[in-house]
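> Mind having a look at this structure? Questions to follow.
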Amino acid sequence: MEVITKYYVETDLPIAKAAEAIAAEQSTGTWTKVEKARYVESLAGRVIEAEGNLVEIGFPEELFEPGNIPQYLSVVAGNLFGLGSIDKVRLLDVIFSESLVRAHQGPRFGIEEARDILGVHDRPLAGTIIKPKVGLNPKDTAEVAGQAVRGGLDLIKDDETLTDQAFCPMTDRVEAVMAELDRVETETGKKAFYAVNVTTGADEILERAEKATDRGANMVMVDVLTAGFGALEVLSRNVKVPVHVHRTMHGAMTRDRHHGISMVAISRLVRLAGGTNLHTGSYLGKMAGDVGELDACRDALREGWYGLRSVFPVASGGLHPGNVSANLDGYGVDCIVQAGGGVHGHPGGTADGARAMVQAVDAWRKGVSAKDYAADHRELKAAIEFWGD
């Protein structure tokens, strides 16, 4: 069995030669001739196709240590970026063998399990990020979260830079937010997740997550590219709540369409490692991505994959009620649309911004344009007048 990798390559070499250089560098080769035992040759990477700028390579399954995602990356996205003979190279996708996929538990909580917790099965979820992204104290963070859930949102999350700073200690924040969400649920019946950011070093992340859940947190969040896929896997296996995955720093790898690592490959790794939700970009918004790549991320997270639970793609970055429908057209029902400024910046405040997001989702479900639906929905009308549609 093989692990199949797909790359985009720019080089002055003939593309077949460049493909051979990548296959060798990432398996049994080196820059000069070295005598090898005959059995070593069975571990060499194999060029499957090399045409135009596209290269496909098969790496023997035996090259990979089952269950070790950092080691997987060292093979499929390692020293090839430093090869002097190649100007640019981008890892487009990785197709893992069945046995490597089965070496991972994947999400402990997938889409269906998260929906069961909320009791919501027939619509996209809508969420927000606490804004301002840093600076609020625990009391005010809880107040903003409560307003958002009163407005109908399903998920509240910390921003990527908020962890355990002195101005907003994590334990105090969790206690305050969860107390407020419990109060809202008692009064209205509305359930919501709070994804508290537990990102820290490998030696502390599990302890930090357990501190959060001991204080009532019903979801934790990790910045997967700064903390590592191993950190995500530790959380998924050991913490008994869903895990929200932020992709902060991804642009360093994904933004150049001709170099780096695509979000598709990252999506596959997050599913292996056990994320429940993953930011994958928006079809329309300030972080809008390539439609084909977004489609591929969506499918990588939700299609059947040797029994692993599916993962919610999260559309975020410049979302507001006026562009919700474009994102739902792309992602469909099993996704999360998430707006930060597009909720809290609403002229009527956070609760009205939340209601406008919910109304935009309802409009999409009913096949009605947001503009038409806004005619008799005050909050959505105000949002469209403010941000457009």
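The chains in the structure tokens are called A, B, ... from first to last as shown; in each chain the residues are counted from 1, and the ligands are counted from 1 in the order shown.
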Quick one: everything within 9 Å of stretch 82-98 of chain A, counting only C-alpha atoms, minus sequence neighbours fewer than 4 positions away in the same chain. Send it as a PyMOL selection string.
chain A and resi 1-13+18+21-22+25+61+76-78+102-103+253-254+256-266+268+305-306
> Go ahead and save the picked residues with C-alpha atoms, as a PDB file, in the first residue's frame.

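Dumped to out.pdb:
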```
ATOM      1  CA  MET A   1       0.000   0.000   0.000  1.00  0.00           C
ATOM      2  CA  GLU A   2       1.058   3.577  -0.639  1.00  0.00           C
ATOM      3  CA  VAL A   3       0.374   7.093   0.584  1.00  0.00           C
ATOM      4  CA  ILE A   4      -0.379   9.185  -2.504  1.00  0.00           C
ATOM      5  CA  THR A   5       0.761  12.803  -2.486  1.00  0.00           C
ATOM      6  CA  LYS A   6      -0.053  15.509  -5.012  1.00  0.00           C
ATOM      7  CA  TYR A   7       2.104  18.580  -5.556  1.00  0.00           C
ATOM      8  CA  TYR A   8       2.193  21.730  -7.658  1.00  0.00           C
ATOM      9  CA  VAL A   9       5.795  22.372  -8.758  1.00  0.00           C
ATOM     10  CA  GLU A  10       7.617  25.248 -10.457  1.00  0.00           C
ATOM     11  CA  THR A  11      11.176  24.496 -11.627  1.00  0.00           C
ATOM     12  CA  ASP A  12      13.619  24.979 -14.476  1.00  0.00           C
ATOM     13  CA  LEU A  13      14.188  21.224 -14.483  1.00  0.00           C
ATOM     14  CA  ALA A  18      11.873  17.452 -10.370  1.00  0.00           C
ATOM     15  CA  ALA A  21      14.144  14.662  -6.851  1.00  0.00           C
ATOM     16  CA  ILE A  22      11.148  15.080  -4.531  1.00  0.00           C
ATOM     17  CA  GLU A  25      14.588  13.471  -1.026  1.00  0.00           C
ATOM     18  CA  GLU A  61       3.205   2.795   3.664  1.00  0.00           C
ATOM     19  CA  VAL A  76       5.027  14.434   2.675  1.00  0.00           C
ATOM     20  CA  ALA A  77       6.001  18.050   3.442  1.00  0.00           C
ATOM     21  CA  GLY A  78       9.563  17.984   4.721  1.00  0.00           C
ATOM     22  CA  ARG A 102      -7.249   3.439  11.203  1.00  0.00           C
ATOM     23  CA  ALA A 103      -4.243   4.146  13.426  1.00  0.00           C
ATOM     24  CA  MET A 253       1.452  27.780   4.469  1.00  0.00           C
ATOM     25  CA  THR A 254      -1.719  28.159   2.429  1.00  0.00           C
ATOM     26  CA  ASP A 256       0.593  31.232  -1.899  1.00  0.00           C
ATOM     27  CA  ARG A 257      -1.297  29.167  -4.451  1.00  0.00           C
ATOM     28  CA  HIS A 258       2.029  27.851  -5.813  1.00  0.00           C
ATOM     29  CA  HIS A 259       3.972  27.171  -2.611  1.00  0.00           C
ATOM     30  CA  GLY A 260       3.400  25.728   0.838  1.00  0.00           C
ATOM     31  CA  ILE A 261       0.675  23.387   2.027  1.00  0.00           C
ATOM     32  CA  SER A 262      -2.955  23.489   1.000  1.00  0.00           C
ATOM     33  CA  MET A 263      -5.831  23.696   3.450  1.00  0.00           C
ATOM     34  CA  VAL A 264      -7.044  20.371   2.062  1.00  0.00           C
ATOM     35  CA  ALA A 265      -4.060  18.521   3.514  1.00  0.00           C
ATOM     36  CA  ILE A 266      -4.466  20.354   6.820  1.00  0.00           C
ATOM     37  CA  ARG A 268      -7.319  15.720   6.515  1.00  0.00           C
ATOM     38  CA  TRP A 305     -13.382   7.845   5.604  1.00  0.00           C
ATOM     39  CA  TYR A 306     -12.862   4.368   7.034  1.00  0.00           C
TER      40      TYR A 306
END
```
> Excluding A:Glu49 and its own-chain neighbours fewer than 3 positions away, which residues fall within 9 Å of it when counting only C-alpha atoms? Please give them as a compact mmCIF listing (two decimals) with C-alpha atoms, in the first residue's frame.

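So part_22.txt came out as:
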```
# COMPACT_ATOMS: atom_id res chain seq x y z
CA ALA A 16 9.89 14.42 -14.45
CA ALA A 19 9.39 14.75 -9.40
CA LEU A 54 1.54 18.72 -11.35
CA VAL A 55 3.34 15.83 -9.70
CA GLU A 56 1.91 12.74 -8.03
CA ILE A 57 4.11 10.51 -5.89
```
> Which residues of stretch 86-120 of chain A have any atom within 12 Å of an atom in stretch 147-160 of chain A when counting only C-alpha atoms, and what is the closest pair of atoms for each, with the distance in Å to one decimal? Order the rows by chain and rising number and write it as a tab-separated table.

```
residue	atom	partner	partner_atom	distance
A:Ala114	CA	A:Asp154	CA	10.7
A:Arg115	CA	A:Asp154	CA	10.0
A:Ile117	CA	A:Asp154	CA	10.8
A:Leu118	CA	A:Asp154	CA	7.7
A:Gly119	CA	A:Asp154	CA	10.4
A:Val120	CA	A:Asp154	CA	9.1
```
> Could you find all residues in stretch 124-198 of chain A that DSSP calls helix (DSSP H, G or I) from the backbone, and write them as a ChimeraX atom specification?
/A:138-150,170-188
> Restricting the calculation to only C-alpha atoms: of A:Phe193, A:Phe312, A:Tyr39, A:Phe386, which residue gets closest to A:Gly342?
A:Phe386
> From a DSSP calculation on the backbone, collect every residue of stretch 53-182 of chain A in strand (DSSP E or B) and output the set as a VMD selection string.
chain A and resid 54 to 60 86 to 95 125 to 129 155 to 157
> So what do you get for atom CA of A:Gly322 versus atom CA of A:Glu385, distance-wise?
9.2 Å
> Leaving out A:Trp364 and any residue of its chain fewer than 3 positions from it, which residues lie within 9 Å of it when counting only C-alpha atoms, given as a ChimeraX atom specification?
/A:324-325,328-329,359-361,367-370
> With distances taken over only C-alpha atoms, which of A:Pro107, A:Gly332, A:Pro169, A:Pro321 is nearest to A:Leu380?
A:Pro321
> Go through A:Asn327, A:Asn79, A:Asn218, A:Thr163 one by one, measure the shortest atom-to-atom distance of each to A:Asn197 using only C-alpha atoms, and give the residue with the smallest value.
A:Thr163
> When you look at A:Val241 with a cut-off of 12 Å (counting only C-alpha atoms), what residues show up, excluding the ones that are within fewer than 6 positions of it in the same chain? I need them as a PyMOL selection string.
chain A and resi 107-110+113-114+117+193-196+209-210+212-214+216-221+235+274-276
> Could those residues be written to a file, using N, CA and C atoms, as a PDB file, in the first residue's frame?

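Writing done, so here's result33.pdb:
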```
ATOM      1  N   PRO A 107     -12.219  12.180  15.399  1.00  0.00           N
ATOM      2  CA  PRO A 107     -12.990  12.962  16.366  1.00  0.00           C
ATOM      3  C   PRO A 107     -13.712  12.093  17.389  1.00  0.00           C
ATOM      4  N   ARG A 108     -13.555  12.440  18.638  1.00  0.00           N
ATOM      5  CA  ARG A 108     -14.361  11.799  19.687  1.00  0.00           C
ATOM      6  C   ARG A 108     -15.798  12.304  19.582  1.00  0.00           C
ATOM      7  N   PHE A 109     -15.919  13.573  19.237  1.00  0.00           N
ATOM      8  CA  PHE A 109     -17.210  14.198  18.960  1.00  0.00           C
ATOM      9  C   PHE A 109     -17.186  14.710  17.531  1.00  0.00           C
ATOM     10  N   GLY A 110     -18.007  14.119  16.668  1.00  0.00           N
ATOM     11  CA  GLY A 110     -18.130  14.578  15.299  1.00  0.00           C
ATOM     12  C   GLY A 110     -19.369  15.442  15.142  1.00  0.00           C
ATOM     13  N   GLU A 113     -22.534  13.990  16.986  1.00  0.00           N
ATOM     14  CA  GLU A 113     -22.420  14.051  18.438  1.00  0.00           C
ATOM     15  C   GLU A 113     -22.567  15.484  18.944  1.00  0.00           C
ATOM     16  N   ALA A 114     -21.985  16.440  18.222  1.00  0.00           N
ATOM     17  CA  ALA A 114     -22.134  17.847  18.608  1.00  0.00           C
ATOM     18  C   ALA A 114     -23.585  18.292  18.466  1.00  0.00           C
ATOM     19  N   ILE A 117     -25.700  17.155  21.396  1.00  0.00           N
ATOM     20  CA  ILE A 117     -25.535  17.949  22.614  1.00  0.00           C
ATOM     21  C   ILE A 117     -26.438  19.181  22.578  1.00  0.00           C
ATOM     22  N   PHE A 193     -22.593  26.138  22.824  1.00  0.00           N
ATOM     23  CA  PHE A 193     -21.227  25.782  23.182  1.00  0.00           C
ATOM     24  C   PHE A 193     -20.425  27.041  23.498  1.00  0.00           C
ATOM     25  N   TYR A 194     -19.492  26.904  24.434  1.00  0.00           N
ATOM     26  CA  TYR A 194     -18.451  27.915  24.618  1.00  0.00           C
ATOM     27  C   TYR A 194     -17.105  27.241  24.404  1.00  0.00           C
ATOM     28  N   ALA A 195     -16.417  27.602  23.342  1.00  0.00           N
ATOM     29  CA  ALA A 195     -15.112  27.034  23.008  1.00  0.00           C
ATOM     30  C   ALA A 195     -14.029  27.893  23.639  1.00  0.00           C
ATOM     31  N   VAL A 196     -13.512  27.429  24.761  1.00  0.00           N
ATOM     32  CA  VAL A 196     -12.491  28.178  25.483  1.00  0.00           C
ATOM     33  C   VAL A 196     -11.118  27.783  24.939  1.00  0.00           C
ATOM     34  N   ALA A 209      -6.831  22.092  29.711  1.00  0.00           N
ATOM     35  CA  ALA A 209      -8.155  21.717  29.213  1.00  0.00           C
ATOM     36  C   ALA A 209      -8.999  21.098  30.322  1.00  0.00           C
ATOM     37  N   GLU A 210      -8.379  20.290  31.161  1.00  0.00           N
ATOM     38  CA  GLU A 210      -9.118  19.666  32.263  1.00  0.00           C
ATOM     39  C   GLU A 210      -9.551  20.701  33.299  1.00  0.00           C
ATOM     40  N   ALA A 212     -10.405  23.678  32.510  1.00  0.00           N
ATOM     41  CA  ALA A 212     -11.554  24.326  31.883  1.00  0.00           C
ATOM     42  C   ALA A 212     -12.812  23.476  32.024  1.00  0.00           C
ATOM     43  N   THR A 213     -12.701  22.187  31.723  1.00  0.00           N
ATOM     44  CA  THR A 213     -13.887  21.335  31.795  1.00  0.00           C
ATOM     45  C   THR A 213     -14.339  21.114  33.234  1.00  0.00           C
ATOM     46  N   ASP A 214     -13.398  21.089  34.166  1.00  0.00           N
ATOM     47  CA  ASP A 214     -13.772  20.968  35.574  1.00  0.00           C
ATOM     48  C   ASP A 214     -14.618  22.160  36.024  1.00  0.00           C
ATOM     49  N   GLY A 216     -16.757  23.633  34.008  1.00  0.00           N
ATOM     50  CA  GLY A 216     -18.000  23.667  33.243  1.00  0.00           C
ATOM     51  C   GLY A 216     -17.870  23.840  31.752  1.00  0.00           C
ATOM     52  N   ALA A 217     -16.666  24.043  31.227  1.00  0.00           N
ATOM     53  CA  ALA A 217     -16.525  24.244  29.780  1.00  0.00           C
ATOM     54  C   ALA A 217     -17.114  23.059  29.030  1.00  0.00           C
ATOM     55  N   ASN A 218     -17.919  23.343  28.007  1.00  0.00           N
ATOM     56  CA  ASN A 218     -18.525  22.274  27.211  1.00  0.00           C
ATOM     57  C   ASN A 218     -17.897  22.134  25.834  1.00  0.00           C
ATOM     58  N   MET A 219     -16.814  22.866  25.601  1.00  0.00           N
ATOM     59  CA  MET A 219     -16.017  22.753  24.366  1.00  0.00           C
ATOM     60  C   MET A 219     -14.677  23.412  24.629  1.00  0.00           C
ATOM     61  N   VAL A 220     -13.610  22.854  24.082  1.00  0.00           N
ATOM     62  CA  VAL A 220     -12.314  23.521  24.161  1.00  0.00           C
ATOM     63  C   VAL A 220     -11.852  23.860  22.752  1.00  0.00           C
ATOM     64  N   MET A 221     -10.933  24.797  22.685  1.00  0.00           N
ATOM     65  CA  MET A 221     -10.417  25.248  21.395  1.00  0.00           C
ATOM     66  C   MET A 221      -8.901  25.168  21.400  1.00  0.00           C
ATOM     67  N   LEU A 235      -5.927  16.198  23.147  1.00  0.00           N
ATOM     68  CA  LEU A 235      -7.190  16.755  23.629  1.00  0.00           C
ATOM     69  C   LEU A 235      -8.359  15.871  23.221  1.00  0.00           C
ATOM     70  N   GLY A 274      -8.622  14.502  15.357  1.00  0.00           N
ATOM     71  CA  GLY A 274      -9.785  14.494  16.228  1.00  0.00           C
ATOM     72  C   GLY A 274     -10.523  15.791  16.438  1.00  0.00           C
ATOM     73  N   GLY A 275     -10.361  16.780  15.558  1.00  0.00           N
ATOM     74  CA  GLY A 275     -11.131  18.012  15.703  1.00  0.00           C
ATOM     75  C   GLY A 275     -12.619  17.784  15.463  1.00  0.00           C
ATOM     76  N   THR A 276     -13.448  18.587  16.135  1.00  0.00           N
ATOM     77  CA  THR A 276     -14.892  18.567  15.904  1.00  0.00           C
ATOM     78  C   THR A 276     -15.284  19.618  14.882  1.00  0.00           C
TER      79      THR A 276
END
```
> Which residues are near stretch 136-139 of chain A? Cut-off 7 Å, only C-alpha atoms, ignore same chain within fewer than 6 positions. Put them as a list in words.
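After dropping sequence-adjacent residues, the list is Phe167, Cys168, Asp172, Arg173 and Ala176 of chain A.
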> Suppose you want the space between atom CA of A:Gly230 and atom CA of A:Met170; what is it in Å?
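Computing it gives 22.0 Å between the two atoms.
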> Residues near A:Gly317, anyone? I mean within 9 Å using only C-alpha atoms, not counting same-chain ones fewer than 4 positions away, as a list in words.
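Counting only C-alpha atoms, the residues come to Gly281, Ser282, Leu284, Gly285, Lys286, Met287, Ala288, Gln338, Ala339 and Gly340 of chain A.
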